[in-house]
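Structure file structure06.cif (mmCIF, C-alpha atoms and all ligand atoms) follows.
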data_run
#
loop_
_atom_site.label_atom_id
_atom_site.label_comp_id
_atom_site.auth_asym_id
_atom_site.auth_seq_id
_atom_site.Cartn_x
_atom_site.Cartn_y
_atom_site.Cartn_z
CA MET A 112 99.25 74.27 165.35
CA THR A 113 100.46 71.03 166.91
CA THR A 114 102.10 68.53 164.58
CA TYR A 115 100.84 64.95 164.99
CA LEU A 116 102.68 61.77 164.11
CA ILE A 117 100.25 58.89 163.73
CA LYS A 118 102.18 55.62 164.06
CA GLY A 119 101.12 52.46 162.25
CA ALA A 120 97.59 53.22 161.04
CA ARG A 121 96.15 50.71 158.57
CA ILE A 122 94.73 53.01 155.87
CA LEU A 123 91.49 51.38 154.64
CA GLY A 124 92.65 48.24 156.43
CA GLY A 125 95.97 48.03 154.53
CA GLU A 126 99.55 47.77 155.81
CA PRO A 127 100.58 49.85 158.86
CA THR A 128 101.64 53.35 157.78
CA ASP A 129 102.85 56.43 159.64
CA LEU A 130 101.20 59.76 158.89
CA LEU A 131 102.64 63.14 159.71
CA ILE A 132 99.91 65.75 160.15
CA ARG A 133 101.06 69.34 159.91
CA ASP A 134 99.28 72.62 159.12
CA GLY A 135 95.96 70.88 158.58
CA VAL A 136 97.13 68.47 155.91
CA VAL A 137 98.84 65.09 155.62
CA ALA A 138 102.45 66.27 155.22
CA GLU A 139 104.21 62.90 154.95
CA MET A 140 103.37 59.23 154.78
CA GLY A 141 105.61 56.19 155.10
CA SER A 142 107.16 53.80 157.57
CA GLY A 143 109.50 54.71 160.42
CA LEU A 144 108.68 58.43 160.19
CA SER A 145 109.91 60.68 162.97
CA ALA A 146 109.39 64.37 163.60
CA ALA A 147 110.91 66.44 166.40
CA GLY A 148 108.28 68.05 168.60
CA ALA A 149 105.39 66.12 167.08
CA ARG A 150 102.76 64.62 169.32
CA VAL A 151 102.78 60.86 168.72
CA VAL A 152 99.51 58.96 168.39
CA ASP A 153 99.90 55.19 168.62
CA ALA A 154 97.61 53.72 165.97
CA ASP A 155 98.79 50.14 166.24
CA GLY A 156 95.94 47.92 165.02
CA LEU A 157 93.72 50.90 164.12
CA VAL A 158 92.10 51.34 160.72
CA ALA A 159 92.21 54.83 159.17
CA LEU A 160 89.19 55.91 157.16
CA PRO A 161 88.47 59.24 155.50
CA GLY A 162 86.34 61.23 157.95
CA LEU A 163 82.74 60.08 157.69
CA VAL A 164 80.16 62.41 156.12
CA ASP A 165 76.52 62.27 157.20
CA LEU A 166 74.03 63.50 154.65
CA HIS A 167 71.12 63.38 157.09
CA THR A 168 71.47 64.77 160.63
CA HIS A 169 68.88 66.53 162.77
CA LEU A 170 70.68 69.00 165.05
CA ARG A 171 67.48 70.65 166.41
CA GLU A 172 69.01 74.11 166.73
CA PRO A 173 67.42 76.61 166.48
CA GLY A 174 64.27 75.76 168.42
CA ARG A 175 64.71 72.48 170.28
CA GLU A 176 67.99 72.98 172.09
CA ASP A 177 66.59 70.78 174.87
CA ALA A 178 66.87 67.82 172.46
CA GLU A 179 70.16 68.69 170.71
CA THR A 180 72.30 71.67 169.82
CA VAL A 181 74.70 72.18 166.97
CA GLU A 182 77.49 71.71 169.51
CA THR A 183 76.20 68.52 171.20
CA GLY A 184 75.25 66.97 167.87
CA SER A 185 78.66 67.90 166.45
CA ARG A 186 80.35 66.22 169.41
CA ALA A 187 78.27 63.08 168.89
CA ALA A 188 79.25 63.15 165.22
CA ALA A 189 82.98 63.48 165.92
CA LEU A 190 82.78 60.59 168.39
CA GLY A 191 81.10 58.56 165.66
CA GLY A 192 83.99 59.21 163.27
CA TYR A 193 82.36 62.02 161.29
CA THR A 194 84.12 65.14 160.04
CA ALA A 195 81.09 66.63 158.28
CA VAL A 196 77.34 66.47 158.74
CA CYS A 197 74.48 67.93 156.73
CA ALA A 198 71.96 69.53 159.08
CA MET A 199 68.30 68.99 158.20
CA ALA A 200 66.02 71.99 157.80
CA ASN A 201 63.14 70.99 160.11
CA THR A 202 64.20 73.32 162.91
CA SER A 203 62.14 76.07 164.51
CA PRO A 204 62.26 78.48 162.77
CA VAL A 205 62.62 76.29 159.69
CA ALA A 206 65.88 76.67 157.76
CA ASP A 207 64.10 78.22 154.79
CA THR A 208 65.98 81.53 154.55
CA ALA A 209 69.58 82.64 154.11
CA GLY A 210 69.48 83.97 157.69
CA VAL A 211 68.70 80.65 159.34
CA VAL A 212 71.09 78.54 157.25
CA GLU A 213 73.87 81.05 157.95
CA GLN A 214 73.10 80.85 161.67
CA VAL A 215 73.40 77.04 161.66
CA TRP A 216 76.55 77.20 159.56
CA ARG A 217 78.12 79.74 161.95
CA LEU A 218 77.19 77.69 165.02
CA GLY A 219 78.91 74.74 163.40
CA ARG A 220 82.09 76.74 162.82
CA GLU A 221 82.04 77.96 166.43
CA ALA A 222 81.66 74.43 167.81
CA GLY A 223 84.56 73.39 165.56
CA LEU A 224 84.00 69.65 165.97
CA VAL A 225 82.74 68.79 162.47
CA ASP A 226 81.90 70.83 159.40
CA VAL A 227 78.18 71.52 159.63
CA GLN A 228 76.67 71.96 156.18
CA PRO A 229 73.10 73.26 156.42
CA ILE A 230 70.38 71.77 154.24
CA GLY A 231 67.75 74.29 153.15
CA ALA A 232 64.01 73.69 153.15
CA VAL A 233 62.36 73.19 149.76
CA THR A 234 59.16 74.98 150.76
CA VAL A 235 58.41 77.87 153.11
CA GLY A 236 57.89 76.52 156.63
CA LEU A 237 57.93 72.97 155.19
CA ASN A 238 54.32 73.67 154.29
CA GLY A 239 54.54 72.08 150.85
CA GLU A 240 52.86 75.05 149.21
CA GLN A 241 55.39 77.67 148.22
CA LEU A 242 59.03 77.33 147.18
CA ALA A 243 61.49 78.72 149.72
CA GLU A 244 64.26 81.14 148.72
CA LEU A 245 66.46 78.41 147.29
CA GLY A 246 68.71 80.81 145.37
CA ALA A 247 69.31 83.06 148.37
CA MET A 248 70.30 80.06 150.48
CA ALA A 249 72.60 78.81 147.72
CA ASP A 250 74.26 82.26 147.48
CA SER A 251 74.57 82.67 151.26
CA ALA A 252 77.74 82.09 153.29
CA ALA A 253 76.38 78.59 153.97
CA ARG A 254 76.48 77.77 150.21
CA VAL A 255 73.49 75.43 150.45
CA ARG A 256 73.38 72.75 147.74
CA ILE A 257 70.98 70.20 149.26
CA PHE A 258 67.35 71.10 149.84
CA SER A 259 64.87 68.94 151.73
CA ASP A 260 61.54 69.19 153.54
CA ASP A 261 62.53 66.03 155.45
CA GLY A 262 59.96 65.11 158.05
CA PHE A 263 57.51 65.94 155.28
CA CYS A 264 57.30 64.88 151.67
CA VAL A 265 57.19 67.43 148.87
CA ALA A 266 53.93 65.80 147.87
CA ASP A 267 52.74 68.22 145.18
CA PRO A 268 54.28 66.99 141.91
CA ARG A 269 54.18 70.45 140.33
CA LEU A 270 56.12 71.95 143.23
CA MET A 271 58.59 69.06 143.15
CA ARG A 272 59.14 69.64 139.46
CA ARG A 273 59.76 73.35 139.99
CA ALA A 274 62.20 72.66 142.83
CA LEU A 275 64.17 70.24 140.65
CA GLU A 276 64.25 72.79 137.84
CA TYR A 277 65.37 75.57 140.16
CA VAL A 278 68.33 73.77 141.75
CA LYS A 279 69.63 72.57 138.37
CA ALA A 280 71.06 76.04 137.82
CA PHE A 281 73.67 75.56 140.57
CA ASP A 282 73.89 71.74 140.44
CA GLY A 283 71.87 71.44 143.63
CA VAL A 284 69.95 68.38 144.69
CA ILE A 285 66.51 67.81 146.14
CA ALA A 286 66.58 65.25 148.97
CA GLN A 287 63.10 63.80 149.15
CA HIS A 288 61.41 62.30 152.20
CA ALA A 289 59.38 59.84 150.13
CA GLU A 290 56.01 59.45 151.82
CA GLU A 291 52.70 59.93 150.05
CA PRO A 292 50.85 61.61 152.91
CA ARG A 293 47.41 60.43 151.82
CA LEU A 294 48.56 56.85 152.27
CA THR A 295 50.01 57.32 155.76
CA VAL A 296 47.22 59.16 157.57
CA GLY A 297 47.42 58.08 161.22
CA ALA A 298 50.23 55.61 160.48
CA GLN A 299 52.11 54.27 163.48
CA MET A 300 54.32 51.50 162.09
CA HIS A 301 54.98 49.37 159.00
CA GLU A 302 51.74 48.09 157.45
CA GLY A 303 51.97 44.33 157.65
CA GLU A 304 51.38 41.27 159.73
CA VAL A 305 52.86 42.71 162.95
CA ALA A 306 50.77 45.90 162.72
CA ALA A 307 47.66 43.80 162.15
CA ARG A 308 48.46 41.74 165.22
CA LEU A 309 49.08 44.83 167.36
CA GLY A 310 46.08 46.69 165.99
CA MET A 311 48.18 49.66 164.88
CA THR A 312 47.53 51.76 161.78
CA GLY A 313 50.01 50.82 159.07
CA TRP A 314 52.46 52.88 156.96
CA PRO A 315 52.42 50.91 153.71
CA ALA A 316 55.52 50.36 151.58
CA VAL A 317 53.64 51.74 148.58
CA ALA A 318 53.50 55.19 150.22
CA GLU A 319 57.29 55.36 149.83
CA GLU A 320 57.56 53.52 146.54
CA SER A 321 54.92 55.56 144.69
CA ILE A 322 56.74 58.82 145.49
CA ILE A 323 60.14 57.44 144.48
CA ALA A 324 58.66 56.20 141.19
CA ARG A 325 57.10 59.60 140.51
CA ASP A 326 60.22 61.53 141.50
CA VAL A 327 62.71 59.55 139.41
CA LEU A 328 60.46 60.24 136.42
CA LEU A 329 60.36 63.93 137.30
CA ALA A 330 64.15 64.00 137.73
CA GLU A 331 64.52 62.36 134.32
CA HIS A 332 62.09 64.80 132.72
CA VAL A 333 63.87 67.81 134.18
CA GLY A 334 67.41 66.41 133.99
CA ALA A 335 68.04 67.36 137.61
CA ARG A 336 69.55 65.57 140.61
CA LEU A 337 67.32 63.72 143.05
CA HIS A 338 68.42 62.16 146.32
CA VAL A 339 66.09 59.78 148.14
CA CYS A 340 66.26 59.92 151.93
CA HIS A 341 66.08 56.84 154.17
CA VAL A 342 64.99 54.18 151.67
CA SER A 343 63.24 51.43 153.63
CA THR A 344 61.59 48.88 151.36
CA ALA A 345 62.58 46.15 148.92
CA GLY A 346 60.20 47.66 146.37
CA SER A 347 62.03 51.01 146.52
CA VAL A 348 65.26 49.21 145.69
CA GLY A 349 63.66 47.78 142.54
CA ILE A 350 62.55 51.24 141.40
CA LEU A 351 65.97 52.76 142.10
CA ARG A 352 67.69 49.99 140.14
CA TRP A 353 65.40 50.65 137.19
CA ALA A 354 66.04 54.40 137.39
CA LYS A 355 69.80 54.01 137.58
CA GLU A 356 69.84 51.62 134.65
CA ARG A 357 68.05 54.33 132.66
CA GLY A 358 70.74 56.85 133.60
CA ILE A 359 68.48 58.98 135.79
CA ARG A 360 70.49 61.19 138.16
CA VAL A 361 69.29 59.67 141.41
CA THR A 362 71.17 58.75 144.58
CA ALA A 363 69.76 57.09 147.68
CA GLU A 364 70.56 56.51 151.32
CA VAL A 365 69.74 53.83 153.86
CA THR A 366 69.94 54.30 157.63
CA PRO A 367 71.82 51.95 159.96
CA HIS A 368 68.56 51.06 161.74
CA HIS A 369 66.89 49.98 158.50
CA LEU A 370 69.89 47.70 157.90
CA LEU A 371 69.42 45.94 161.23
CA LEU A 372 66.07 46.30 162.97
CA THR A 373 62.62 45.02 161.95
CA ASP A 374 58.99 45.83 162.73
CA GLU A 375 58.99 42.96 165.26
CA ARG A 376 60.53 45.52 167.66
CA ALA A 377 57.15 47.25 167.88
CA THR A 378 55.76 44.29 169.81
CA SER A 379 57.56 45.78 172.85
CA TYR A 380 55.42 48.96 172.46
CA ASP A 381 58.63 50.84 173.29
CA PRO A 382 58.48 54.13 171.33
CA VAL A 383 62.26 54.13 170.99
CA TYR A 384 61.51 51.92 167.95
CA LYS A 385 59.06 54.40 166.44
CA VAL A 386 60.72 56.01 163.44
CA ASN A 387 59.88 57.46 160.08
CA PRO A 388 59.90 55.63 157.71
CA PRO A 389 59.10 52.74 160.02
CA LEU A 390 61.16 49.64 160.69
CA ARG A 391 60.16 47.13 158.01
CA THR A 392 60.34 43.36 157.58
CA ALA A 393 63.33 41.01 157.58
CA ALA A 394 62.92 40.69 153.79
CA ASP A 395 63.23 44.47 153.43
CA VAL A 396 66.34 44.49 155.64
CA ALA A 397 67.92 41.79 153.47
CA ALA A 398 67.06 43.70 150.27
CA LEU A 399 68.52 46.95 151.67
CA ARG A 400 71.77 45.26 152.70
CA ALA A 401 72.10 43.72 149.24
CA ALA A 402 71.30 47.06 147.58
CA LEU A 403 73.97 48.82 149.64
CA VAL A 404 76.55 46.24 148.62
CA GLU A 405 75.46 46.37 144.97
CA GLY A 406 75.50 50.17 144.97
CA VAL A 407 71.82 50.62 144.05
CA VAL A 408 71.58 52.37 147.41
CA ASP A 409 74.62 54.65 147.35
CA ILE A 410 75.25 55.61 150.94
CA VAL A 411 74.50 55.14 154.62
CA ALA A 412 73.06 58.24 156.32
CA THR A 413 72.15 58.28 159.99
CA ASP A 414 68.86 60.22 160.14
CA HIS A 415 70.10 61.05 163.65
CA ALA A 416 66.83 62.27 165.20
CA PRO A 417 67.26 63.28 168.84
CA HIS A 418 64.11 63.76 170.87
CA ALA A 419 63.55 65.02 174.41
CA VAL A 420 62.44 62.47 177.02
CA GLU A 421 58.84 63.75 177.12
CA ASP A 422 58.56 63.27 173.35
CA LYS A 423 59.75 59.65 173.49
CA GLU A 424 58.90 58.17 176.87
CA CYS A 425 55.15 58.23 176.44
CA GLU A 426 52.47 56.19 174.74
CA TRP A 427 53.52 54.91 171.30
CA ALA A 428 50.83 56.90 169.46
CA TYR A 429 51.97 60.19 171.02
CA ALA A 430 55.72 59.63 170.69
CA ARG A 431 57.69 61.50 168.04
CA PRO A 432 59.32 59.33 165.39
CA GLY A 433 63.11 59.16 165.26
CA MET A 434 66.18 57.63 166.85
CA LEU A 435 69.78 58.63 167.57
CA GLY A 436 72.35 57.49 165.05
CA LEU A 437 75.64 59.38 164.93
CA GLU A 438 77.54 57.57 167.67
CA THR A 439 76.51 54.06 166.65
CA ALA A 440 76.30 54.23 162.84
CA LEU A 441 79.78 52.97 162.01
CA SER A 442 79.47 50.06 164.46
CA ILE A 443 76.13 49.02 162.96
CA VAL A 444 77.47 49.18 159.41
CA ILE A 445 80.54 47.18 160.42
CA ASP A 446 78.26 44.69 162.15
CA THR A 447 75.90 44.29 159.20
CA ALA A 448 78.06 44.82 156.11
CA LEU A 449 81.85 44.86 156.70
CA ASP A 450 82.20 41.27 155.48
CA GLN A 451 80.73 42.18 152.10
CA LEU A 452 81.85 45.80 151.74
CA GLY A 453 85.34 45.72 153.18
CA TRP A 454 86.87 48.93 154.56
CA ASP A 455 87.08 50.50 151.12
CA GLY A 456 83.37 49.88 150.59
CA ILE A 457 82.56 51.44 153.93
CA ALA A 458 84.69 54.49 153.08
CA GLN A 459 82.84 54.74 149.78
CA ARG A 460 79.38 54.61 151.31
CA MET A 461 79.98 56.62 154.47
CA SER A 462 82.52 59.20 153.30
CA ARG A 463 83.47 59.57 149.63
CA THR A 464 80.04 59.34 148.02
CA PRO A 465 78.14 61.42 150.60
CA ALA A 466 80.88 64.08 150.32
CA ARG A 467 80.45 64.08 146.55
CA ILE A 468 76.64 64.31 146.73
CA ALA A 469 76.92 67.23 149.17
CA GLY A 470 79.70 68.94 147.20
CA LEU A 471 82.02 68.92 150.23
CA THR A 472 85.33 68.89 148.38
CA GLU A 473 87.53 68.88 151.52
CA HIS A 474 85.90 65.68 152.75
CA GLY A 475 85.69 62.13 151.50
CA LEU A 476 89.39 62.03 150.58
CA ASP A 477 91.59 59.08 151.50
CA PRO A 478 94.66 60.00 153.56
CA ALA A 479 97.39 61.00 151.08
CA VAL A 480 100.18 63.59 151.08
CA GLY A 481 98.79 67.11 150.64
CA VAL A 482 95.20 66.14 151.40
CA PRO A 483 93.25 67.94 154.19
CA ALA A 484 93.69 65.84 157.34
CA ASN A 485 90.05 64.84 157.82
CA PHE A 486 90.06 61.22 158.92
CA THR A 487 89.10 58.85 161.68
CA LEU A 488 90.94 56.00 163.40
CA VAL A 489 88.84 52.96 164.28
CA ASP A 490 89.65 50.01 166.51
CA PRO A 491 88.04 47.09 164.66
CA ALA A 492 88.72 44.67 167.53
CA ALA A 493 87.00 46.76 170.21
CA ARG A 494 83.56 45.96 171.54
CA TRP A 495 81.49 48.41 173.53
CA THR A 496 78.16 48.44 175.28
CA VAL A 497 75.91 51.40 174.51
CA GLU A 498 75.06 53.29 177.70
CA PRO A 499 72.57 56.02 176.76
CA ALA A 500 73.75 58.25 179.63
CA ASP A 501 77.30 58.18 178.24
CA LEU A 502 76.34 59.40 174.75
CA ALA A 503 77.36 62.93 173.80
CA SER A 504 73.98 63.64 172.27
CA ARG A 505 71.70 65.67 174.50
CA SER A 506 68.97 63.08 173.91
CA ARG A 507 68.82 59.43 174.96
CA ASN A 508 66.62 57.79 172.32
CA THR A 509 69.02 55.14 171.07
CA PRO A 510 67.51 51.78 170.07
CA TYR A 511 70.79 50.12 171.09
CA ALA A 512 70.77 50.76 174.86
CA GLU A 513 72.72 48.04 176.68
CA THR A 514 73.58 46.42 173.33
CA THR A 515 77.18 45.39 172.74
CA LEU A 516 78.48 46.56 169.35
CA PRO A 517 81.68 45.91 167.43
CA ALA A 518 84.39 48.51 166.65
CA ARG A 519 85.01 51.87 168.23
CA VAL A 520 86.25 55.24 167.02
CA VAL A 521 89.51 56.05 168.84
CA ALA A 522 90.41 59.35 167.18
CA THR A 523 88.99 61.80 164.66
CA PHE A 524 90.91 64.63 163.01
CA LEU A 525 89.34 67.71 161.42
CA ARG A 526 91.78 69.76 159.29
CA GLY A 527 94.69 68.36 161.25
CA GLU A 528 93.29 68.98 164.73
CA PRO A 529 91.94 66.12 166.84
CA THR A 530 88.27 66.40 167.70
CA VAL A 531 88.46 62.97 169.36
CA LEU A 532 91.52 61.42 171.00
CA ASP A 533 91.66 58.20 173.07
CA GLY A 534 87.93 57.80 172.40
CA LYS A 535 87.09 61.14 174.04
CA ALA A 536 86.03 64.44 172.53
CA THR A 537 88.77 67.05 172.82
CA LYS A 538 86.30 69.89 173.41
N1 LIG A 601 63.07 60.23 160.90
C1 LIG A 601 62.29 60.46 161.92
O1 LIG A 601 61.68 59.52 162.44
N2 LIG A 601 62.15 61.70 162.42
C2 LIG A 601 62.61 62.91 161.84
C3 LIG A 601 61.73 63.48 160.82
C4 LIG A 601 60.94 62.50 160.04
O2 LIG A 601 61.43 62.01 159.01
O3 LIG A 601 59.80 62.22 160.44
C5 LIG A 601 62.78 63.94 162.93
O4 LIG A 601 63.08 65.09 162.63
O5 LIG A 601 62.62 63.58 164.10
#
Once more with this new file: its structure as structure tokens, please.
Ligand SMILES: NC(=O)N[C@@H](CC(=O)O)C(=O)O
Amino acid sequence: MTTYLIKGARILGGEPTDLLIRDGVVAEMGSGLSAAGARVVDADGLVALPGLVDLHTHLREPGREDAETVETGSRAAALGGYTAVCAMANTSPVADTAGVVEQVWRLGREAGLVDVQPIGAVTVGLNGEQLAELGAMADSAARVRIFSDDGFCVADPRLMRRALEYVKAFDGVIAQHAEEPRLTVGAQMHEGEVAARLGMTGWPAVAEESIIARDVLLAEHVGARLHVCHVSTAGSVGILRWAKERGIRVTAEVTPHHLLLTDERATSYDPVYKVNPPLRTAADVAALRAALVEGVVDIVATDHAPHAVEDKECEWAYARPGMLGLETALSIVIDTALDQLGWDGIAQRMSRTPARIAGLTEHGLDPAVGVPANFTLVDPAARWTVEPADLASRSRNTPYAETTLPARVVATFLRGEPTVLDGKATK
């Protein structure tokens, strides 16, 4: 294994520090370090963060390798500063058995760019009717701890209760896509003034909020862990605050796009802005930013949702919901929240807490002697213009095409080996 000497990295934005990376761990830290034979990485002006951890990534393999593969999604993740991603279960076949989650886990190991932690489906085929083999997935080589039917809501309260009860045995967590399906029949965008103007069927905030309210009560009743995916409304924040004040074991995520973009984007009729849950109002964006700073919303998760051209470049009503996220997430969070969060706050919300929720003990650790060398080096002064064709993802559905964003990942290390160097993937 090559030894790396990182010169002058500002850990969490602090004073310049040298890091010696040997045998997969941080072997030494200090100033003026030298090491014969080590490869030197000049980190002058770069901020070191613990490797980012994404709790919500769609990798599309197996089944839609034309949109993304474990390898291409892993490369996009590494370039975005991630060292671990949790792969959603809505693949084809669905990740609802030990066999499929082990396949995804193994593909992740083979790609070797990030740790891919599979999420298991809650119900067989995401059909919302019958619990999947949660125990078998937990006991498999993939050691699944997060279960989600994301893309669909576990709408049946009895099934949701049983799922929460089941995963309690191994301290698992149910990650809910909160959407009461009866309230979103035919929905195309946020229900509000813009939808009314455009004549589109609305996806009302209450469809999300009513499920979150129900689920925090179920989680309290059962004493189990609930995680709420992609929170998108100010009302949801109010319910989460109430639940946390009561001591209910609930965590929640917000996506970068819900921290920045609003439903006004739909006036372009460009399906790149079609996403589930939909882009909301400026008031919702403000409430989500405040909730992230306050900690009512615990983490940022990308909901990276690659889609093939034919599924996105079509009429709005026929387009699939979802947008790319892995390669732009850190820039968007820096753009929208660095002033209030600081680097430590970003590390908390994009690395430490998601690692804790997912039970990924090798991740989410600040660089320190003896710690696994999973970290990323960011140039906070850089600016870059998003060129969809240059993204590592196999898909092109970024809402930030031709947008200039702040900060760029320069290097990412996974267990002491660079997955990104000089802003380029190493494999
Ligand atoms: N978030 C999205 O807009 N899309 C997700 C699934 C979903 O939540 O609909 C996808 O898998 O594409």
Ligand LIG 601 (chain A), all listed atoms, 3 Å padding on each side: what axis-aligned box centre and edge lengths in Å to one decimal come out, as AutoDock Vina command-line options?
--center_x 61.4 --center_y 62.3 --center_z 161.6 --size_x 9.3 --size_y 11.6 --size_z 11.1
Taking all atoms listed in the file into account, list the residues no farther than 9 Å from ligand LIG 601 (chain A), as a ChimeraX atom specification. /A:168-171,199-202,261-264,288,340-341,385-389,414-418,431-434
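Proximity of A:Ala377, A:His474, A:Gly135, A:Ser142 to Ile117 (chain A), computed with all atoms listed in the file, is greatest for A:Ser142.
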Taking 2 positions as the minimum chain separation for residues in the same chain, which residues sit within 6 Å of region 483-499 of chain A when counting only C-alpha atoms? Answer as an MDAnalysis selection string. chainID A and resid 135:137 157:162 192 501:502 507 512:527
For CA of Leu144 (chain A) and CA of Ala458 (chain A), the interatomic separation in Å (one decimal): 25.3 Å
Could you check how far CA of Leu218 (chain A) sits from CA of Met248 (chain A), in Å to one decimal? 16.3 Å
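Ranking A:Leu123, A:Ala289, A:Leu237, A:Leu242 by their shortest atom-to-atom distance to Val317 (chain A), with only C-alpha atoms included, puts A:Ala289 first.
For the choices A:Ala398, A:Val531, A:Ala187, A:Leu351, the atom-to-atom distance to Thr439 (chain A) is smallest for A:Ala187 when using all atoms listed in the file.
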Pick out the closest residue to Ser442 (chain A) from this set: A:Arg505, A:His368, A:Arg400, A:Arg467. Count only C-alpha atoms. A:His368
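With distances taken over all atoms listed in the file, A:Val383 is the one residue among A:Ala195, A:Ala503, A:Val383, A:Ala330 lying closest to Val420 (chain A).
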Length of the CA of Leu337 (chain A) to CA of Leu370 (chain A) vector [Å]: 22.0 Å
Can you take the partial region 508-525 of chain A, add N, CA and C atoms, and return it as a PDB file, in the frame of the given file?
ATOM      1  N   ASN A 508      67.475  58.743 173.037  1.00  0.00           N
ATOM      2  CA  ASN A 508      66.620  57.790 172.320  1.00  0.00           C
ATOM      3  C   ASN A 508      67.393  56.911 171.330  1.00  0.00           C
ATOM      4  N   THR A 509      68.325  56.135 171.892  1.00  0.00           N
ATOM      5  CA  THR A 509      69.020  55.140 171.070  1.00  0.00           C
ATOM      6  C   THR A 509      68.291  53.797 171.164  1.00  0.00           C
ATOM      7  N   PRO A 510      68.129  53.113 170.030  1.00  0.00           N
ATOM      8  CA  PRO A 510      67.510  51.780 170.070  1.00  0.00           C
ATOM      9  C   PRO A 510      68.508  50.704 170.518  1.00  0.00           C
ATOM     10  N   TYR A 511      69.746  51.100 170.784  1.00  0.00           N
ATOM     11  CA  TYR A 511      70.790  50.120 171.090  1.00  0.00           C
ATOM     12  C   TYR A 511      71.226  50.158 172.560  1.00  0.00           C
ATOM     13  N   ALA A 512      70.398  50.693 173.436  1.00  0.00           N
ATOM     14  CA  ALA A 512      70.770  50.760 174.860  1.00  0.00           C
ATOM     15  C   ALA A 512      71.120  49.365 175.366  1.00  0.00           C
ATOM     16  N   GLU A 513      72.226  49.296 176.059  1.00  0.00           N
ATOM     17  CA  GLU A 513      72.720  48.040 176.680  1.00  0.00           C
ATOM     18  C   GLU A 513      73.074  46.974 175.645  1.00  0.00           C
ATOM     19  N   THR A 514      73.169  47.367 174.376  1.00  0.00           N
ATOM     20  CA  THR A 514      73.580  46.420 173.330  1.00  0.00           C
ATOM     21  C   THR A 514      75.094  46.517 173.153  1.00  0.00           C
ATOM     22  N   THR A 515      75.741  45.384 172.979  1.00  0.00           N
ATOM     23  CA  THR A 515      77.180  45.390 172.740  1.00  0.00           C
ATOM     24  C   THR A 515      77.431  45.381 171.232  1.00  0.00           C
ATOM     25  N   LEU A 516      78.224  46.360 170.779  1.00  0.00           N
ATOM     26  CA  LEU A 516      78.480  46.560 169.350  1.00  0.00           C
ATOM     27  C   LEU A 516      79.962  46.406 169.048  1.00  0.00           C
ATOM     28  N   PRO A 517      80.285  46.024 167.824  1.00  0.00           N
ATOM     29  CA  PRO A 517      81.680  45.910 167.430  1.00  0.00           C
ATOM     30  C   PRO A 517      82.277  47.252 167.016  1.00  0.00           C
ATOM     31  N   ALA A 518      83.584  47.409 167.188  1.00  0.00           N
ATOM     32  CA  ALA A 518      84.390  48.510 166.650  1.00  0.00           C
ATOM     33  C   ALA A 518      84.092  49.848 167.327  1.00  0.00           C
ATOM     34  N   ARG A 519      85.172  50.592 167.566  1.00  0.00           N
ATOM     35  CA  ARG A 519      85.010  51.870 168.230  1.00  0.00           C
ATOM     36  C   ARG A 519      85.928  52.921 167.614  1.00  0.00           C
ATOM     37  N   VAL A 520      85.420  54.133 167.497  1.00  0.00           N
ATOM     38  CA  VAL A 520      86.250  55.240 167.020  1.00  0.00           C
ATOM     39  C   VAL A 520      87.205  55.642 168.151  1.00  0.00           C
ATOM     40  N   VAL A 521      88.497  55.680 167.842  1.00  0.00           N
ATOM     41  CA  VAL A 521      89.510  56.050 168.840  1.00  0.00           C
ATOM     42  C   VAL A 521      89.907  57.514 168.671  1.00  0.00           C
ATOM     43  N   ALA A 522      90.016  57.960 167.422  1.00  0.00           N
ATOM     44  CA  ALA A 522      90.410  59.350 167.180  1.00  0.00           C
ATOM     45  C   ALA A 522      89.772  59.854 165.888  1.00  0.00           C
ATOM     46  N   THR A 523      89.475  61.156 165.880  1.00  0.00           N
ATOM     47  CA  THR A 523      88.990  61.800 164.660  1.00  0.00           C
ATOM     48  C   THR A 523      89.761  63.107 164.498  1.00  0.00           C
ATOM     49  N   PHE A 524      90.178  63.395 163.292  1.00  0.00           N
ATOM     50  CA  PHE A 524      90.910  64.630 163.010  1.00  0.00           C
ATOM     51  C   PHE A 524      90.113  65.470 162.007  1.00  0.00           C
ATOM     52  N   LEU A 525      89.992  66.756 162.321  1.00  0.00           N
ATOM     53  CA  LEU A 525      89.340  67.710 161.420  1.00  0.00           C
ATOM     54  C   LEU A 525      90.376  68.776 161.055  1.00  0.00           C
TER      55      LEU A 525
END
